[in-house]
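Here the structure comes first, spelled out in structure tokens, and everything after it is commentary.
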Amino acid sequence: MLFTSASRTTGVSRRGLALVHFDWWLLAACLALAIFGVAMIFSATRGVVDPVIQNRWTAQIVFLVIGVVAFFVGALLDYRLLRLAGWPGYCFLLGVLVLVELFGTQQNLAVRWLSVGNTAVQPTEAGKFVLIVVIAWYLSRFYSEEKRLSVLFLALGALVPPLLLVYRQPDLGMVVTMLFIIGAMILISGVTAAHFLILSSLALAVLFLAYGTLQDYMLDRINMFLAPDDNREAAFNVTQALISVGNGGWFGRGWLEGTQSQLFYLRVRHTDFIFSVVAEEFGFVGSCALLLVFGFLLWRLVRTMELAEDAFGRLLVGGVAALILFQMFVNVGMNIRLMPVTGMTLPLVSSGGSSLVSTMFAIGLTQSVNLRRSVRVDVF
Amino acid sequence: MFSSPAAGHPDGSGRYVRIGVRLVLVVLLGLLIVRLYQLQVRRHESFAAQADANRLRTIEIPAPRGLVFDRNGELLARNRPSYQLAIVPEELPDDDLDTEADEEYEAILQILESLGPNLDRNAVLDMQRNLHRSLGWLDYRRILVDNKVPFSVFEIPYREFVDLLIQIGVVDATAVESAPIEEEAAAASMVSLPDLNQPLPIEGLAILIQSLAQTRQQGNSSEPFPILTGLSREAAFTISEQSFRYPGSRILDVSVREYVYGELASHILGFMGPIPSSLAEDYRQRGYSPEERIGLSGVEAEYQEILRGTPGQRTIEADIFGRVGRTIDEVAPQPGQDIILTVDIQLQRVMYKALQEMLTVRDAISGVAIAVDPRSGQLLGMVSLPSFDNNIFSEGLGETYTRIIEDERKPLINYAIGGLYPPGSTFKIVTASAGMAEGVITPRTVIVDEGPIYLPNKFFPDDPSQAQEFVSWNHHQDFNHGPLTLREAIAVSNDIYFYYVGGGYPQTFLGLTQEELAQWARVFGYGSATGIDLPGEISFSVPDDQWKRVNWASSWVQGDSYNMAIGQGYLLATPLQVLQSLVPIANGGMLYEPQVALQITDPSTGRTQEFEPRPIRDVGLDRVILDTIRLGMRDAVNSVEGTATRGRIEGVIVAGKTGTAEFCEYDPVLEDCRRDEEGDLPTHASYLAFAPFNNPEIAVMVFVYDGGEGSTAAVPVGTAILDAWFTIKGQGSLETGTG
């Protein structure tokens, strides 16, 4: 209460840290999802001969600990400092993508990785978050107040080069993700009805143009989604995922008892198709519970977004929420054949250290927004 | 709650963002949950079934086949373990497309090479026969040609080729016969077939196995298929120990049939083999697995269902790589039931040896010896020569197999039930019965043999030179039998007597009508199968006027009746049929279906089930009539003039009847029947006998194909059999002759 009026009128520097605002529920939801994820990774990798894959669940625990640290680092970091990362962030994004274009290494027909020392780094993973920061900065700085269409077009124009570079890797999933984030943040920043109409017709036009240049494997995946029986070999994973989900029934077959996952009929179980493992072993009740925890987590993020006291903070939280919602929906959607297979993982649950840590950090960052608003008695 | 000024946007767009964002969240989550409900609750059953289909495999556990014993509990057929080399298609390495070599082919080649010295000529022949059968001759040839593997072929005419297909069960005979006659050109053309008697190079075998593995890969690729059967125990263990070096190989441990007495009883016991392709669908519907071996002949075939038992089932869980995990469910197999036969293997051995010796002495092609118990129709022994060792069908189809299949004497046929011959004089007991029953003669009727009799030509009745001559066998030896009663006529096997009885003589003697003779033949079992419980029995219609009109387009004449009366002419019967006709004479009038199975025992419960004798009918003859014939037969053995005096045995009174039946063996060079230097037709020798005279317990039939005189070629065999029977039984009780 003490800082309320000051924060509205005076600058950033006046505001301090209001620990009373820390969202313990949000952290609890994150931890619940990540710990449940470890249990599922254990189940999904059991019996695999490859020792690297077999130890994924212990690695995930380690990353979870790092993730919790990252969460608090994010929360304690003053998000307002990220405003300074606007221009540099954009340049960094562009620069890294150019580097990948020029020096990237190829895996699975796509050039997405940069070799740093001995490890391959996929710059677009971090790129998603950089993008959120850049757009939040741009929209809060130039658009939120005046709503000029030219500003929006300038922003979209500036985003074309990085998106094209990602598209050329090729990584359609990432392009779609980025487009979704951009769209969602523009909407959150508040567009007028006219702008909305213009933008959506533009988006439709681009969609038609882009379809012509899609890579074969992208087309395969999309066509497979539209007509799964045409290509049995390619549809195998999806079909098996569907069988796994359906095999779960009301209450599931029990942890470590899913026949589809334990007998390896389900492929890429610990990453892309981990939701199918959940659905098979915990049934309709279990998978709904998982979705509801996600819903709760997103609900808390939306709340944080709305409580944010400046446009940058609001957009930052909105971007993170959009990213998590999108990844969750696409991943679960592809497990139950609502969405094409994109190779997108389930945030916080799927095996994967960098994804877990960066997601935890991003959510922690939303708490940075939360902690730096004026102290008020909030009604939940 | 969301009214904080900080949350909203100055221009008020915050409200729709606020509602919109929450709406999107709820709609998207709702969408997922609805879809999940649809998949997990509504369609759960279907998906659960698909998941089960993924993971569950059913493995058949074969039931131990029932054992076969003889009437004294002597083991005749048992099971023993055998080892097979099999290929598991799934475990073979895939062909790495980046390398020049075909890894799958190389792996198969290595498996074959691992056999080392076990891969001898016989094994190769065996293997290529199995492959030929699994792939079919068309694919077999195509694969070899496509891969430029050298192989020898033989050419056969199209017609023979079709017959061959029928013979090996690929084509159903009725299907071929009912099919329209092939084009002349096709019928005349030659078909070249892979010669399975010439071993293929090892590379050829590997190519064929690879093709078979690839066709199997589409179905259940984790199921091994055998490529070489009958491995020795040592070889199996050696290969098994090294199997880690040869991925895709597996040693299977299976149970095969062993016949203790081999060729002694092969026609009774039969043998087992793979399901013939023409019957594959039928057996599949009856719950047989395609790899299962079934009885193909003899008792093995007749009692297949009883001996087989019920295979058990093991439901196991397998992962996507086909690795087998837990057993989900298991239904234990029910062992097949044991069968006790009516056969006495000791007697069978004597029969086999005696007949074999006689065939060697007479240089005869084939022969039959059968013994039954006339009180019940139970079969005591049955030998058909040439015989074969039925053990070779249990495993391996090596050179012995070829020798049997290609033997022109066709040893696989059981001539006792599958050979039709003129019965000759052994039929006279039927003619005699008919004559007395129809009142043509009485036991006291005397007919005089004054030499050959002549039937006047129908169109030139007054021209003796056109008359047809009928002789009795004794006329060849230049003596007449003179006046004879029926009993005497039987004892000396006079033909004139039976000509009169069977056909009468114009103006002087009223004989049987052809309908009466044919009808009495049928009463004694001629014209229809005996009904023995063995597969492969054939029979031939009893010839009569109607039969002759249909088959020969001419009417029955008196001469036909004459010929039939002495068991010649158009009349044909199996040796078993002839013996069956003796049974009512021996036992007092009851005709029986011969019977092979005596009892079934369930080895698990010990419950037994008896097979009752199967009487067909009482032939309805007075005691006097039967006694007359019996006495005639006793005299044939025991009187000085009898034709079967070699049939006497120490301590037992034997009654018998010889037969010497002329037959026509078409000679393509002569374009007529084969005849000896004196212009006589060759003859089959046969002998019917029962003993002891007063209370018969055994009746035998001996038949020697092209054996000459019944009295010399057949009687000694019958005597040996009867002698052995009473010696074995140790009860050769002395019977007092009744004169």
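Residue numbers start at 1 in each chain; chains themselves are named A, B, ... in the order of the structure tokens; ligands are numbered from 1 in the order shown.
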
Name all residues at most 12 Å from B:Asn118 (count only C-alpha atoms; drop same-chain ones fewer than 5 positions away) and give them as number ranges by chain.
-> B: 85, 111-113, 123-124, 126-127, 228-236, 238-239

Residue hits in chain A, query chain B, radius 8 Å, only C-alpha atoms, as an MDAnalysis selection string | chainID A and resid 187:188 190:191 242:250 259:260 263:265 283:284 288 291:292 295 298:299 302 305:310 325 329 332:333 336 378:380

Neighbour list for stretch 649-662 of chain B as a PyMOL selection string, cut-off 8 Å, only C-alpha atoms, skip fewer than 3 positions in-chain = chain B and resi 422-426+490-491+493+567-568+630-631+633-638+643-644+681-693+708-711+714-715+719+722-723+732-735+737

Could you find all residues in stretch 65-184 of chain A that DSSP calls strand (DSSP E or B) from the backbone, and write them as a count of residues only?
-> 13

Within stretch 23-261 of chain A, find each residue whose DSSP state, derived from the backbone, is helix (DSSP H, G or I), and express the selection as a VMD selection string.
-> chain A and resid 24 to 45 51 to 54 56 to 76 79 to 103 123 to 143 149 to 168 172 to 189 193 to 212 216 to 226 232 to 248 259 to 261

What's the 9 Å shell around A:Val68, counting only C-alpha atoms, without same-chain residues fewer than 6 positions away, as a list in words?
-> Leu27, Leu31, Val357, Met360, Phe361 and Gly364 of chain A

Keeping only N, CA and C atoms, write the selected residues as a PDB file, in the first residue's frame.
```pdb
ATOM      1  N   LEU A  27       4.325 -21.465  -8.171  1.00  0.00           N
ATOM      2  CA  LEU A  27       5.507 -22.320  -7.996  1.00  0.00           C
ATOM      3  C   LEU A  27       5.073 -23.754  -7.709  1.00  0.00           C
ATOM      4  N   LEU A  31       6.153 -27.008  -9.827  1.00  0.00           N
ATOM      5  CA  LEU A  31       6.837 -28.148  -9.213  1.00  0.00           C
ATOM      6  C   LEU A  31       6.022 -29.421  -9.387  1.00  0.00           C
ATOM      7  N   VAL A 357      14.677 -25.825 -17.704  1.00  0.00           N
ATOM      8  CA  VAL A 357      15.316 -24.707 -17.012  1.00  0.00           C
ATOM      9  C   VAL A 357      14.833 -23.380 -17.584  1.00  0.00           C
ATOM     10  N   MET A 360      11.267 -22.685 -16.511  1.00  0.00           N
ATOM     11  CA  MET A 360      11.227 -22.288 -15.100  1.00  0.00           C
ATOM     12  C   MET A 360      11.716 -20.847 -14.931  1.00  0.00           C
ATOM     13  N   PHE A 361      12.771 -20.531 -15.671  1.00  0.00           N
ATOM     14  CA  PHE A 361      13.299 -19.177 -15.590  1.00  0.00           C
ATOM     15  C   PHE A 361      12.254 -18.167 -16.075  1.00  0.00           C
ATOM     16  N   GLY A 364       9.633 -17.759 -13.615  1.00  0.00           N
ATOM     17  CA  GLY A 364      10.212 -16.983 -12.511  1.00  0.00           C
ATOM     18  C   GLY A 364      10.205 -15.489 -12.838  1.00  0.00           C
TER      19      GLY A 364
END
```

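One distance worth recording is that between atom CA of B:Asn414 and atom CA of B:Gly309, which is 26.6 Å.
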
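By only C-alpha atoms, and with residues fewer than 6 positions from B:Glu697 along its chain excluded, the set lying at most 9 Å from it is Val372, Asp373, Pro374, Arg375, Ala586, Asn587, Phe690 and Ala691 of chain B.
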
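Using only C-alpha atoms, the residues found no farther than 8 Å from B:Thr327, other than those of its own chain fewer than 6 positions away, are B:Arg314, B:Thr315, B:Ile316, B:Glu317.
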
Restricting the output to C-alpha atoms, write the selected residues as an mmCIF file, in the first residue's frame.
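out.cif written:
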```cif
data_model
loop_
_atom_site.group_PDB
_atom_site.id
_atom_site.type_symbol
_atom_site.label_atom_id
_atom_site.label_comp_id
_atom_site.auth_asym_id
_atom_site.auth_seq_id
_atom_site.Cartn_x
_atom_site.Cartn_y
_atom_site.Cartn_z
ATOM 1 C CA ARG B 314 -0.232 -69.899 -24.075
ATOM 2 C CA THR B 315 -1.009 -66.214 -24.289
ATOM 3 C CA ILE B 316 2.144 -64.219 -23.921
ATOM 4 C CA GLU B 317 2.996 -60.569 -23.982
#
```

Contact residues around stretch 497-508 of chain B with only C-alpha atoms at 7 Å, ignoring same-chain residues under 6 positions, as a list in words = Thr431, Gly435, Val440, Ile447, Ala489, Leu517, Gln558, Ser561, Tyr562, Ala565 and Ile566 of chain B
